[in-house]
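Coordinates from input36.csv are shown below (CSV, C-alpha atoms).
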chain,number,residue,atom,x,y,z
K,17,MET,CA,1.0,12.2,66.0
K,18,ASN,CA,-0.5,13.6,69.2
K,19,SER,CA,-2.4,16.2,67.1
K,20,LEU,CA,-3.9,13.5,64.9
K,21,PHE,CA,-4.8,11.5,68.1
K,22,ASP,CA,-6.5,14.6,69.6
K,23,ARG,CA,-8.3,15.6,66.4
K,24,TYR,CA,-9.6,12.2,65.3
K,25,SER,CA,-10.2,10.2,68.4
K,26,VAL,CA,-13.1,12.6,69.3
K,27,LEU,CA,-14.6,11.6,65.9
K,28,GLY,CA,-14.4,7.9,66.7
K,29,ALA,CA,-11.0,6.9,65.4
K,30,SER,CA,-9.0,4.5,67.6
K,31,PHE,CA,-5.2,4.7,67.7
K,32,LEU,CA,-2.6,2.3,68.9
K,33,THR,CA,1.2,2.3,68.8
K,34,VAL,CA,3.0,-1.1,68.8
K,35,TYR,CA,6.5,-0.7,70.1
K,36,ILE,CA,8.7,-3.2,68.2
K,37,SER,CA,12.5,-3.9,68.3
K,38,GLU,CA,14.5,-0.7,68.3
K,39,ALA,CA,15.4,0.4,64.7
K,40,HIS,CA,18.2,2.7,65.8
K,41,ALA,CA,19.6,1.3,69.0
K,42,THR,CA,22.5,3.2,70.4
K,43,ASN,CA,24.5,-0.1,70.6
K,44,GLU,CA,23.7,-1.2,67.0
K,45,TRP,CA,22.8,1.6,64.5
K,46,LYS,CA,22.4,4.9,66.2
K,47,LEU,CA,20.8,7.5,63.9
K,48,GLY,CA,19.2,10.6,65.3
K,49,ASN,CA,17.2,9.0,68.1
K,50,VAL,CA,14.7,11.1,69.9
K,51,VAL,CA,15.1,8.7,72.9
K,52,GLU,CA,18.4,6.9,73.1
K,53,VAL,CA,17.8,3.3,73.7
K,54,GLU,CA,20.0,0.2,73.5
K,55,GLN,CA,18.6,-2.9,71.7
K,56,HIS,CA,16.2,-4.8,74.0
K,57,LYS,CA,17.6,-7.9,75.5
K,58,ASN,CA,14.4,-9.0,77.1
K,59,LEU,CA,10.8,-7.9,77.4
K,60,GLU,CA,11.5,-5.8,80.5
K,61,ASP,CA,14.0,-3.7,78.4
K,62,ARG,CA,11.4,-3.3,75.7
K,63,VAL,CA,8.7,-2.2,78.1
K,64,SER,CA,11.1,0.2,79.8
K,65,ALA,CA,12.0,1.7,76.4
K,66,ALA,CA,8.4,2.2,75.5
K,67,GLU,CA,7.7,3.8,78.9
K,68,ARG,CA,10.7,6.2,78.3
K,69,LEU,CA,9.3,7.1,74.8
K,70,ILE,CA,6.0,8.0,76.3
K,71,LYS,CA,7.5,10.0,79.2
K,72,GLU,CA,10.2,11.8,77.2
K,73,THR,CA,8.2,12.7,74.2
K,74,GLY,CA,4.7,13.3,75.7
K,75,TRP,CA,3.3,10.5,73.5
K,76,LYS,CA,-0.5,10.4,73.9
K,77,VAL,CA,-1.4,7.4,71.7
K,78,PRO,CA,-1.9,4.2,73.7
K,79,VAL,CA,1.2,1.9,73.4
K,80,VAL,CA,1.5,-1.9,73.5
K,81,VAL,CA,4.8,-3.8,73.2
K,82,ASP,CA,5.6,-6.5,70.7
K,83,GLY,CA,6.9,-9.6,72.3
K,84,MET,CA,10.6,-10.7,72.0
K,85,GLU,CA,9.6,-13.2,69.3
K,86,ASN,CA,8.6,-10.1,67.3
K,87,GLU,CA,5.3,-11.6,66.1
K,88,PHE,CA,3.7,-8.3,65.3
K,89,ASN,CA,6.7,-7.2,63.3
K,90,LYS,CA,6.9,-10.5,61.4
K,91,GLN,CA,3.1,-10.4,60.6
K,92,TYR,CA,3.0,-6.8,59.5
K,93,ALA,CA,6.5,-6.0,58.4
K,94,ALA,CA,6.5,-3.0,60.8
K,95,TRP,CA,10.3,-2.4,61.0
K,96,PRO,CA,11.6,0.3,61.2
K,97,GLU,CA,8.4,2.3,61.2
K,98,ARG,CA,5.1,1.8,59.4
K,99,ALA,CA,1.5,3.0,59.9
K,100,TYR,CA,-1.7,1.1,59.1
K,101,VAL,CA,-5.4,2.1,58.9
K,102,ILE,CA,-7.6,-0.8,59.8
K,103,GLN,CA,-11.4,-0.4,59.3
K,104,GLU,CA,-13.9,-3.1,60.3
K,105,GLY,CA,-11.1,-5.7,60.6
K,106,LYS,CA,-9.7,-5.0,57.1
K,107,MET,CA,-6.5,-3.3,56.2
K,108,LYS,CA,-7.4,-0.1,54.3
K,109,TYR,CA,-4.1,1.7,54.1
K,110,ILE,CA,-0.5,1.0,54.7
K,111,CYS,CA,2.0,3.9,54.9
K,112,ASP,CA,5.7,3.1,54.8
K,113,VAL,CA,8.3,5.2,56.5
K,114,SER,CA,10.0,7.9,54.5
K,115,PHE,CA,13.7,8.0,55.0
K,116,GLU,CA,13.6,11.8,54.7
K,117,GLY,CA,12.9,12.2,58.4
K,118,ASP,CA,11.2,10.8,61.4
K,119,MET,CA,7.4,10.3,61.2
K,120,GLU,CA,7.1,11.6,57.6
K,121,TRP,CA,4.2,9.2,57.3
K,122,VAL,CA,2.0,11.3,59.6
K,123,PRO,CA,0.8,13.7,56.8
K,124,ALA,CA,-0.2,10.7,54.7
K,125,ILE,CA,-2.3,9.2,57.5
K,126,GLU,CA,-3.8,12.7,58.2
K,127,ASN,CA,-4.8,12.9,54.5
K,128,TRP,CA,-6.4,9.5,54.7
K,129,LEU,CA,-8.3,10.4,57.8
K,130,ASP,CA,-9.4,13.8,56.4
K,131,ASN,CA,-10.8,12.1,53.3
K,132,PHE,CA,-12.5,9.4,55.4
K,133,TYR,CA,-14.1,11.8,57.9
K,134,ALA,CA,-15.0,14.3,55.2
K,135,ASN,CA,-17.4,11.7,53.8
K,136,LYS,CA,-18.8,11.0,57.3
K,137,LEU,CA,-19.6,14.4,58.6

Would you mind giving the structure from this file in structure tokens?
Amino acid sequence: MNSLFDRYSVLGASFLTVYISEAHATNEWKLGNVVEVEQHKNLEDRVSAAERLIKETGWKVPVVVDGMENEFNKQYAAWPERAYVIQEGKMKYICDVSFEGDMEWVPAIENWLDNFYANKL
């Protein structure tokens, strides 16, 4: 994801990560976590987990945290992992997670961005 951020942010794309409830918390459904995290009990836990993700993975994309009421997740069905392209306030593309491996949606987003910017350059 960092390479997409580096490549397309200079062309004008904005990126944002919304950290939601932990899909594979070590105390619930541990499954190949990059950063081992227990399920968040409060907002401080969620913020701390997001900070650890940034630090331990070198994540460059700006991160915000969904509240404990999980309003972002409820509105956008983001669990466990989903990517969206929003252009001029309209949803242009939604990419669901592939259960074949972590972040398998990245090539699909890259393809969308390649096509979009190919027409703009």

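Closest approach to K:Glu87 from the set K:Leu27, K:Ser19, K:Met107, K:Ser37 is made by K:Ser37, with distances taken over only C-alpha atoms.
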
Original post:
How far is it from atom CA of K:Val81 to atom CA of K:Val63, in Å with one decimal?
Top reply: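 Interatomic distance, atom CA of K:Val81 to atom CA of K:Val63: 6.5 Å.
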
**OP:** Choose the residue, out of K:Ala124, K:Ala94, K:Ala66, K:Val53, that has the smallest atom-to-atom separation from K:Tyr109; count all atoms listed in the file.
**Re:**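 Checking each candidate against K:Tyr109, we get K:Ala124 as the closest.
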
Subject >> One-decimal distance in Å that lies between atom CA of K:Ala65 and atom CA of K:Gly83 >> reply: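 Atom CA of K:Ala65 lies 13.1 Å from atom CA of K:Gly83.
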
Original post:
Separation of atom CA of K:Asp130 and atom CA of K:Met17, in Å?
Top reply: 14.2 Å

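Near K:Trp75, within 10 Å and counting all atoms listed in the file, sit Met17, Asn18, Phe21, Thr33, Ala66, Glu67, Arg68, Leu69, Ile70, Lys71 and Val79 of chain K, not including residues fewer than 4 positions from it in the same chain.
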
**OP:** Considering only C-alpha atoms, state which residue in the set K:Ala93, K:Ala29, K:Ala99, K:Ala134 is at the smallest distance from K:Trp121.
**Re:**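 Using only C-alpha atoms, the shortest distance to K:Trp121 belongs to K:Ala99.
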
Subject >> Selected residue of minimal separation from K:Asn86 among K:Arg62, K:Trp128, K:Cys111, K:Tyr24, counting all atoms listed in the file >> reply: K:Arg62

**OP:** Return the single residue from K:Leu129, K:Val80, K:Ile110, K:Ile36 that is closest to K:Trp95, with distances computed using all atoms listed in the file.
**Re:** K:Ile36
